[in-house]
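Structure file coords-v8.txt (compact mmCIF, C-alpha atoms) is printed below.
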# COMPACT_ATOMS: atom_id res chain seq x y z
CA MET A 1 120.24 121.14 106.51
CA THR A 2 116.55 122.09 106.77
CA ASP A 3 113.46 120.35 108.07
CA ARG A 4 111.75 120.67 104.70
CA LYS A 5 109.69 117.58 103.91
CA GLY A 6 110.69 115.71 100.78
CA ILE A 7 108.35 114.42 98.09
CA GLY A 8 109.57 110.82 98.34
CA ASP A 9 108.64 107.81 100.44
CA GLY A 10 107.64 108.85 103.97
CA GLY A 11 108.54 112.48 103.28
CA ARG A 12 112.16 111.66 102.43
CA PRO A 13 114.00 113.74 99.83
CA LEU A 14 114.70 111.91 96.58
CA LYS A 15 118.44 112.41 96.96
CA GLN A 16 118.37 110.66 100.31
CA MET A 17 116.36 107.78 98.83
CA LEU A 18 118.93 107.35 96.06
CA GLU A 19 121.88 107.47 98.46
CA ASP A 20 120.18 104.99 100.82
CA ASN A 21 119.53 102.55 97.96
CA GLU A 22 123.13 102.73 96.79
CA ARG A 23 124.43 102.21 100.34
CA LEU A 24 122.13 99.24 100.96
CA TYR A 25 123.17 97.60 97.70
CA LYS A 26 126.86 97.92 98.61
CA GLU A 27 126.23 96.54 102.09
CA THR A 28 123.98 93.60 101.14
CA GLY A 29 124.49 92.92 97.44
CA CYS A 30 120.71 93.09 97.10
CA TYR A 31 118.80 95.91 95.44
CA ALA A 32 117.50 98.38 98.06
CA GLY A 33 118.74 95.93 100.73
CA ILE A 34 115.93 93.45 99.92
CA THR A 35 117.55 90.26 101.21
CA ASP A 36 114.20 88.46 101.46
CA PRO A 37 111.96 89.34 98.47
CA HIS A 38 108.92 87.60 99.91
CA LEU A 39 105.99 89.75 98.79
CA LEU A 40 105.89 88.52 95.18
CA LYS A 41 106.51 84.91 96.24
CA GLU A 42 103.66 84.86 98.74
CA ASP A 43 101.03 85.28 96.00
CA PRO A 44 102.58 84.51 92.59
CA VAL A 45 99.28 84.94 90.76
CA ARG A 46 98.81 88.42 92.16
CA ALA A 47 102.48 89.18 91.43
CA GLU A 48 102.10 88.11 87.80
CA LEU A 49 98.93 90.15 87.44
CA PHE A 50 100.74 93.16 88.91
CA HIS A 51 103.64 92.92 86.46
CA SER A 52 101.35 92.22 83.51
CA ARG A 53 99.22 95.27 84.28
CA ILE A 54 102.28 97.51 84.31
CA MET A 55 103.68 95.98 81.12
CA ALA A 56 100.29 96.33 79.40
CA ALA A 57 100.15 100.00 80.42
CA LEU A 58 103.61 100.66 78.95
CA ILE A 59 102.85 98.85 75.68
CA ALA A 60 99.53 100.72 75.41
CA GLY A 61 101.42 103.97 76.00
CA ARG A 62 103.90 103.06 73.27
CA GLU A 63 101.08 102.47 70.80
CA THR A 64 99.44 105.72 71.89
CA CYS A 65 102.65 107.58 71.09
CA ARG A 66 102.80 105.97 67.64
CA MET A 67 99.24 106.94 66.81
CA VAL A 68 99.33 110.48 68.21
CA SER A 69 102.69 111.43 66.71
CA GLY A 70 102.36 109.71 63.35
CA SER A 71 105.95 110.66 62.41
CA PRO A 72 107.79 108.12 60.21
CA PHE A 73 110.33 107.03 62.84
CA VAL A 74 107.62 106.60 65.45
CA ARG A 75 104.69 105.32 63.43
CA GLU A 76 106.47 103.09 60.91
CA VAL A 77 109.93 102.27 62.32
CA ALA A 78 108.68 102.33 65.96
CA GLU A 79 112.03 103.69 67.17
CA LEU A 80 110.81 104.27 70.72
CA CYS A 81 110.09 102.63 74.04
CA LEU A 82 108.67 103.46 77.47
CA GLY A 83 109.85 102.62 80.95
CA LEU A 84 108.48 102.81 84.48
CA PHE A 85 110.92 103.99 87.15
CA THR A 86 111.19 104.28 90.91
CA PRO A 87 111.09 107.80 92.41
CA GLU A 88 114.90 107.87 92.36
CA GLY A 89 115.12 106.74 88.72
CA GLU A 90 115.68 102.97 88.64
CA ASN A 91 113.98 100.89 85.97
CA ILE A 92 111.13 98.63 87.10
CA VAL A 93 109.51 97.53 83.83
CA GLN A 94 110.36 98.28 80.20
CA SER A 95 107.96 98.19 77.27
CA THR A 96 108.62 96.44 74.03
CA GLY A 97 110.80 98.42 71.64
CA ILE A 98 114.45 99.49 71.68
CA GLN A 99 115.98 97.95 74.80
CA VAL A 100 119.10 100.13 74.71
CA HIS A 101 117.60 102.57 77.19
CA ILE A 102 116.79 100.45 80.26
CA LYS A 103 119.46 102.21 82.31
CA LEU A 104 119.85 105.35 80.21
CA MET A 105 116.35 106.71 80.78
CA GLY A 106 116.86 106.37 84.52
CA ASP A 107 120.25 108.11 84.32
CA ASN A 108 118.46 111.32 83.34
CA ILE A 109 116.13 111.06 86.33
CA GLN A 110 119.04 110.35 88.66
CA TRP A 111 120.90 113.34 87.25
CA MET A 112 117.93 115.51 88.22
CA VAL A 113 117.85 113.92 91.67
CA ARG A 114 121.58 114.48 92.22
CA LYS A 115 121.30 118.07 90.98
CA ASN A 116 118.61 118.67 93.63
CA TYR A 117 115.78 119.42 91.20
CA GLU A 118 113.39 118.60 94.02
CA GLU A 119 114.28 121.86 95.79
CA GLU A 120 116.07 124.05 93.27
CA VAL A 121 113.87 123.47 90.20
CA GLY A 122 110.75 121.81 91.51
CA ILE A 123 109.01 118.57 90.53
CA HIS A 124 105.23 118.80 90.38
CA ASP A 125 102.34 116.72 89.18
CA GLY A 126 101.87 117.38 85.46
CA ASP A 127 105.45 118.56 84.84
CA PHE A 128 107.06 117.41 81.60
CA PHE A 129 110.87 117.16 81.40
CA ILE A 130 113.04 116.61 78.34
CA ALA A 131 116.68 115.48 78.00
CA ASN A 132 119.05 114.42 75.23
CA ASP A 133 122.61 115.32 76.27
CA PRO A 134 124.74 112.18 75.72
CA VAL A 135 127.13 113.21 78.50
CA ILE A 136 124.25 112.85 80.96
CA SER A 137 122.63 109.89 79.23
CA GLY A 138 121.91 108.47 75.82
CA MET A 139 123.62 107.05 72.76
CA HIS A 140 123.55 110.28 70.75
CA ALA A 141 121.79 113.63 70.76
CA ALA A 142 118.97 112.31 68.59
CA ASP A 143 117.79 110.12 71.49
CA VAL A 144 115.27 112.41 73.17
CA TYR A 145 113.83 111.45 76.57
CA ASP A 146 110.46 112.74 77.76
CA MET A 147 109.84 112.24 81.50
CA LEU A 148 106.72 112.66 83.60
CA PRO A 149 106.53 112.25 87.41
CA ILE A 150 103.79 110.09 88.94
CA PHE A 151 102.31 111.29 92.21
CA HIS A 152 99.96 109.61 94.65
CA GLU A 153 98.41 112.48 96.56
CA SER A 154 101.53 114.51 97.47
CA GLU A 155 104.06 111.66 97.29
CA LEU A 156 106.17 110.94 94.22
CA VAL A 157 105.81 107.20 93.61
CA GLY A 158 107.59 106.92 90.27
CA TRP A 159 108.33 108.23 86.80
CA VAL A 160 107.32 107.25 83.31
CA SER A 161 109.76 108.02 80.51
CA THR A 162 109.50 107.78 76.74
CA VAL A 163 112.53 107.79 74.45
CA ILE A 164 112.29 108.56 70.74
CA MET A 165 115.12 108.72 68.21
CA GLU A 166 114.44 111.95 66.34
CA MET A 167 114.80 112.39 62.59
CA ASP A 168 116.20 115.91 63.02
CA ILE A 169 117.97 117.39 66.03
CA GLY A 170 119.53 120.41 64.30
CA ALA A 171 123.03 118.93 64.04
CA VAL A 172 125.76 120.10 61.66
CA SER A 173 124.28 117.96 58.87
CA PRO A 174 120.79 116.52 58.37
CA GLY A 175 119.56 113.30 59.88
CA CYS A 176 119.73 111.54 63.21
CA MET A 177 123.31 110.27 62.77
CA PRO A 178 125.33 113.08 61.15
CA THR A 179 128.77 111.72 60.22
CA ALA A 180 130.15 115.25 59.91
CA ASN A 181 129.54 115.79 63.63
CA VAL A 182 133.09 115.57 65.04
CA GLU A 183 132.67 117.45 68.34
CA ARG A 184 129.95 118.35 70.85
CA GLY A 185 129.41 121.83 69.48
CA THR A 186 127.88 120.34 66.35
CA ASP A 187 125.53 117.91 68.12
CA GLY A 188 122.51 120.13 67.54
CA LEU A 189 119.93 121.07 70.16
CA LYS A 190 120.69 119.91 73.70
CA PHE A 191 118.24 119.66 76.56
CA LEU A 192 119.62 119.18 80.06
CA CYS A 193 116.58 117.72 81.80
CA GLU A 194 114.54 120.88 81.21
CA ARG A 195 110.92 121.44 82.15
CA ILE A 196 109.04 122.04 78.90
CA GLY A 197 105.50 121.48 80.11
CA SER A 198 103.24 122.01 83.10
CA ASN A 199 99.76 120.84 83.98
CA ASP A 200 99.96 118.23 81.18
CA ARG A 201 100.52 120.88 78.50
CA LEU A 202 103.59 121.83 76.49
CA HIS A 203 104.89 125.33 77.14
CA ARG A 204 104.26 127.62 74.18
CA ASP A 205 107.73 129.19 74.46
CA PHE A 206 109.26 125.72 73.97
CA GLU A 207 107.21 125.25 70.81
CA HIS A 208 108.44 128.62 69.51
CA LYS A 209 112.03 127.58 70.21
CA ILE A 210 111.64 124.34 68.24
CA GLU A 211 109.87 126.05 65.35
CA ASN A 212 112.80 128.46 64.98
CA SER A 213 115.56 125.86 65.53
CA LEU A 214 114.76 122.80 63.40
CA ASP A 215 114.03 122.25 59.73
CA MET A 216 111.69 119.37 60.59
CA TYR A 217 110.21 121.09 63.62
CA HIS A 218 106.71 119.76 62.99
CA ILE A 219 107.91 116.15 63.34
CA PHE A 220 109.84 116.95 66.54
CA LEU A 221 106.78 118.61 68.09
CA LEU A 222 104.49 115.79 66.99
CA ASP A 223 106.82 113.37 68.75
CA ARG A 224 106.71 115.46 71.94
CA LYS A 225 102.91 115.45 71.87
CA GLY A 226 102.91 111.72 71.23
CA ALA A 227 105.30 111.16 74.12
CA MET A 228 103.22 113.38 76.40
CA ALA A 229 100.05 111.46 75.50
CA ALA A 230 101.85 108.16 76.13
CA ASN A 231 103.25 109.27 79.49
CA ILE A 232 99.89 110.61 80.67
CA ARG A 233 98.18 107.37 79.70
CA VAL A 234 100.74 105.31 81.63
CA ARG A 235 100.54 107.66 84.61
CA GLU A 236 96.79 107.27 84.83
CA GLU A 237 97.06 103.47 84.55
CA ILE A 238 99.67 103.39 87.31
CA LYS A 239 97.35 105.43 89.52
CA LYS A 240 94.64 102.82 88.93
CA ILE A 241 97.09 100.04 89.78
CA VAL A 242 98.09 101.81 93.00
CA GLY A 243 94.41 102.19 93.88
CA GLU A 244 93.71 98.51 93.19
CA PHE A 245 96.78 96.91 94.79
CA GLY A 246 97.46 99.49 97.48
CA LEU A 247 100.32 101.99 97.79
CA ASP A 248 102.37 99.90 100.21
CA PHE A 249 102.15 96.85 97.95
CA TYR A 250 103.07 98.94 94.91
CA LYS A 251 106.17 100.45 96.52
CA GLN A 252 107.46 97.13 97.85
CA ALA A 253 106.52 95.05 94.79
CA THR A 254 108.15 97.40 92.29
CA ARG A 255 111.44 97.16 94.17
CA GLU A 256 111.13 93.40 94.51
CA LEU A 257 110.69 93.17 90.73
CA ILE A 258 114.18 94.63 90.37
CA GLU A 259 115.76 92.30 92.95
CA GLU A 260 113.86 89.31 91.53
CA GLU A 261 115.20 90.03 88.04
CA LYS A 262 118.73 90.40 89.42
CA CYS A 263 118.49 86.95 91.04
CA ASN A 264 117.02 85.47 87.86
CA GLN A 265 119.81 87.01 85.80
CA VAL A 266 122.46 85.50 88.08
CA ALA A 267 120.76 82.11 87.72
CA ARG A 268 120.67 82.44 83.91
CA ILE A 269 124.36 83.35 83.74
CA LYS A 270 125.22 80.29 85.84
CA GLN A 271 123.00 78.04 83.73
CA ARG A 272 123.81 79.22 80.22
CA MET A 273 127.35 80.57 80.28
CA ILE A 274 130.65 78.78 80.85
CA PRO A 275 132.95 80.39 83.42
CA GLY A 276 136.22 81.66 81.99
CA ARG A 277 137.82 84.50 80.12
CA TYR A 278 136.80 85.40 76.57
CA ARG A 279 138.70 87.82 74.37
CA ASN A 280 138.10 89.29 70.94
CA VAL A 281 139.16 92.24 68.81
CA VAL A 282 136.84 94.00 66.39
CA THR A 283 137.58 96.83 63.98
CA ALA A 284 135.72 100.09 63.46
CA GLU A 285 136.18 102.11 60.28
CA PHE A 286 135.81 105.90 60.33
CA PRO A 287 135.43 107.18 56.73
CA MET A 288 135.94 110.90 57.28
CA SER A 289 138.14 112.06 54.38
CA LYS A 290 135.19 112.99 52.15
CA GLN A 291 132.89 114.26 54.86
CA PRO A 292 131.93 117.99 54.84
CA VAL A 293 133.77 118.81 58.04
CA ALA A 294 135.21 122.26 58.70
CA TRP A 295 138.04 120.98 60.92
CA ILE A 296 140.82 119.84 58.56
CA PRO A 297 142.43 117.30 60.95
CA ALA A 298 139.12 115.42 60.93
CA LYS A 299 139.30 114.72 57.19
CA VAL A 300 141.21 111.44 57.64
CA ASP A 301 140.05 107.85 57.15
CA THR A 302 141.06 105.77 60.16
CA ILE A 303 140.55 102.32 61.59
CA ARG A 304 140.26 101.67 65.32
CA LEU A 305 140.99 98.32 66.96
CA ILE A 306 138.56 97.60 69.78
CA PRO A 307 139.77 94.84 72.12
CA MET A 308 137.16 93.33 74.44
CA GLN A 309 137.52 90.96 77.35
CA MET A 310 134.64 89.20 79.10
CA ASP A 311 135.08 87.27 82.33
CA ILE A 312 132.26 84.92 83.31
CA LEU A 313 132.54 84.33 87.03
CA PRO A 314 131.26 81.14 88.72
CA GLU A 315 129.08 83.18 91.09
CA GLY A 316 127.03 84.42 88.12
CA ARG A 317 128.60 87.78 87.32
CA ILE A 318 129.95 89.19 84.06
CA LEU A 319 132.99 91.48 83.94
CA LEU A 320 133.52 93.44 80.71
CA ASP A 321 136.86 95.14 80.06
CA PHE A 322 137.32 97.57 77.15
CA GLU A 323 140.78 98.79 78.11
CA GLY A 324 142.98 99.46 75.09
CA THR A 325 140.21 100.65 72.80
CA GLY A 326 142.12 103.83 72.00
CA GLU A 327 141.84 107.54 72.43
CA TRP A 328 139.03 109.77 71.26
CA GLY A 329 139.35 111.28 67.79
CA TRP A 330 138.00 113.89 65.39
CA HIS A 331 135.12 111.75 64.18
CA ALA A 332 131.45 111.10 64.93
CA TYR A 333 131.96 107.80 66.76
CA ASN A 334 133.24 108.78 70.20
CA ALA A 335 131.13 107.08 72.86
CA THR A 336 130.31 108.21 76.37
CA PRO A 337 130.27 105.75 79.31
CA ASN A 338 126.47 105.94 79.18
CA ALA A 339 126.48 104.84 75.55
CA LEU A 340 128.60 101.84 76.57
CA TRP A 341 125.87 100.82 79.02
CA GLY A 342 123.31 101.27 76.27
CA GLY A 343 125.12 98.65 74.21
CA ILE A 344 125.36 96.36 77.22
CA SER A 345 121.64 96.77 77.87
CA VAL A 346 120.46 95.78 74.41
CA VAL A 347 122.81 92.79 74.20
CA THR A 348 121.87 91.62 77.69
CA VAL A 349 118.14 91.74 76.98
CA GLN A 350 118.40 90.07 73.57
CA THR A 351 120.61 87.21 74.75
CA LEU A 352 119.58 86.60 78.38
CA SER A 353 116.66 88.70 79.65
CA TYR A 354 114.26 88.25 76.76
CA ASP A 355 111.20 87.13 78.76
CA GLY A 356 109.69 90.62 79.01
CA ARG A 357 110.87 91.16 82.59
CA GLY A 358 114.11 92.97 81.81
CA ASN A 359 114.81 95.94 84.08
CA LEU A 360 117.67 97.41 86.10
CA GLY A 361 118.10 94.02 87.76
CA SER A 362 119.20 92.57 84.41
CA LEU A 363 122.28 94.81 84.55
CA LEU A 364 123.20 94.57 88.22
CA PRO A 365 125.26 91.35 87.75
CA VAL A 366 127.34 93.11 85.03
CA ASP A 367 130.42 95.27 85.66
CA ALA A 368 132.13 97.27 82.91
CA LYS A 369 135.63 98.71 82.88
CA GLU A 370 135.77 101.69 80.56
CA PRO A 371 138.92 102.65 78.60
CA ALA A 372 141.17 105.09 80.43
CA LEU A 373 140.74 108.64 79.10
CA ASP A 374 144.48 109.18 78.78
Can you present the structure in this file as structure tokens?
Amino acid sequence: MTDRKGIGDGGRPLKQMLEDNERLYKETGCYAGITDPHLLKEDPVRAELFHSRIMAALIAGRETCRMVSGSPFVREVAELCLGLFTPEGENIVQSTGIQVHIKLMGDNIQWMVRKNYEEEVGIHDGDFFIANDPVISGMHAADVYDMLPIFHESELVGWVSTVIMEMDIGAVSPGCMPTANVERGTDGLKFLCERIGSNDRLHRDFEHKIENSLDMYHIFLLDRKGAMAANIRVREEIKKIVGEFGLDFYKQATRELIEEEKCNQVARIKQRMIPGRYRNVVTAEFPMSKQPVAWIPAKVDTIRLIPMQMDILPEGRILLDFEGTGEWGWHAYNATPNALWGGISVVTVQTLSYDGRGNLGSLLPVDAKEPALD
């Protein structure tokens, strides 16, 4: 251990902040150990203004990305969203857009924290990080995350992240969802939370790499520039909010927003759902026999049965059990545990947390049991 000062709250390292939060949640059942979220309740008008300002900044950033990029998926389909995160990568507020990524965007940040980027790679004001490896986070390799740290003086107070589903990621066949992609080696380009920009500018070597790697490189780079513009706009708005409300209020209120949403989610589950056990089985068809795959065993049409069990507990928790789904196969539909949480996120927001205040707290009352790998 060294006496090196961290970039987090009070000079703490980010890894310590993350470990402390996880320990406090296990001990108290409350996010970050906040058993009495009083700050937002003391002045509800100020609290609503605070949340609305953050949400407005994220929506404005999303529109900035659409206008700057101009690519079809971003401008017309609007297949993107932005999120604001704590220094250790936990979602505070999510913009409008695809709600799959509430937890997934933060998983990338937490991966960097756990891998000690703070010391071994460095996190500086104006750095621009990119990630898309589904094993770390995401639904598929076409989901590209662009992350920018937010500093107040020398302290990291949060992150803003944009996610865009790319039209071309250089996979084995064209498009964002290549059916012929039956194993990770054919995913296309992968970015493991890499720094691709400094001082609010993309690195030129990264642009060269993309130009030589993708058929639709111009669209990919336009999306990066759109995401960078969006993240910078949000960062500057957050700095104004910190200046207006005060740093101490910002740090406490952002964490209370997560605990407040967790409590609200528990109340909604109790109010709207009937305790008990629910079971269903759905089918998934994998039409692979006519796909241009090089691996002969993959050229088989199969059907998977996917059993699901949902327990609604009287105390306001949801337990999801996917045991029995079946083994992985030579097809393009294998899902990582992170992708499972992506599905849970979008369903949770669309059915319960649809008031614009969805964040990590929306997912804290939900537990998921993944299928055993063997």
List every residue of range 72-188 of chain A that has an atom at most 9 Å from any atom of range 234-237 of chain A, giving for each one its closest atom pair and the distance in Å to one decimal, counting only C-alpha atoms, sorted by chain and then by ascending residue number, as JSON lines.
{"residue": "A:Leu84", "atom": "CA", "partner": "A:Val234", "partner_atom": "CA", "distance": 8.6}
{"residue": "A:Leu148", "atom": "CA", "partner": "A:Arg235", "partner_atom": "CA", "distance": 8.0}
{"residue": "A:Pro149", "atom": "CA", "partner": "A:Arg235", "partner_atom": "CA", "distance": 8.0}
{"residue": "A:Ile150", "atom": "CA", "partner": "A:Arg235", "partner_atom": "CA", "distance": 5.9}
{"residue": "A:Phe151", "atom": "CA", "partner": "A:Arg235", "partner_atom": "CA", "distance": 8.6}
{"residue": "A:Trp159", "atom": "CA", "partner": "A:Arg235", "partner_atom": "CA", "distance": 8.1}
{"residue": "A:Val160", "atom": "CA", "partner": "A:Arg235", "partner_atom": "CA", "distance": 6.9}
**OP:** For Glu48 in chain A, work out the shell of residues within 12 Å, counting only C-alpha atoms and skipping chain neighbours fewer than 6 positions away, then give it as a list in words.
**Re:** Leu39, Leu40, Lys41, Glu42, Ile54, Met55, Ala56, Ala253, Thr254, Leu257, Gly356 and Arg357 of chain A
**OP:** Give me the residues within 10 Å of Ala57 in chain A as an MDAnalysis selection string, counting all atoms listed in the file and dropping any in the same chain fewer than 4 places off.
**Re:** chainID A and resid 51:53 61:63 82 84 95 230:231 233:238 241
**OP:** Rank A:Met147, A:Met139, A:Leu313, A:Leu156 by their smallest atom-to-atom distance to Pro365 in chain A, using all atoms listed in the file, and report the top residue only.
**Re:**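 Distance minimum relative to Pro365 in chain A lands on A:Leu313.
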**OP:** Could you give me, as number ranges by chain, the residues that have an atom at most 7 Å away from the point (140.7, 115.9, 67.0) in the coordinates of the file, using only C-alpha atoms?
**Re:** A: 297-298, 329-330
Subject >> Top pick for closest residue to Cys65 in chain A, considering A:Ser345, A:Thr186, A:Thr162, A:Ser289 and counting all atoms listed in the file >> reply: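 Going through A:Ser345, A:Thr186, A:Thr162, A:Ser289 one by one, the smallest distance to Cys65 in chain A is for A:Thr162.
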Subject >> range 142-145 of chain A surroundings by all atoms listed in the file, 6 Å radius, close-in-sequence under 3 positions cut, as a list in words >> reply: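 Here the qualifying residues turn out to be Ile130, Ala131, Asn132, Thr162, Val163, Ile164, Met165, Glu166, Ile169 and Cys176 of chain A.
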Subject >> Closest of A:Arg184, A:Phe206, A:Asn264, A:Phe50 to Asp355 in chain A - atom-to-atom distances counting all atoms listed in the file >> reply: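 Nearest to Asp355 in chain A: A:Asn264.
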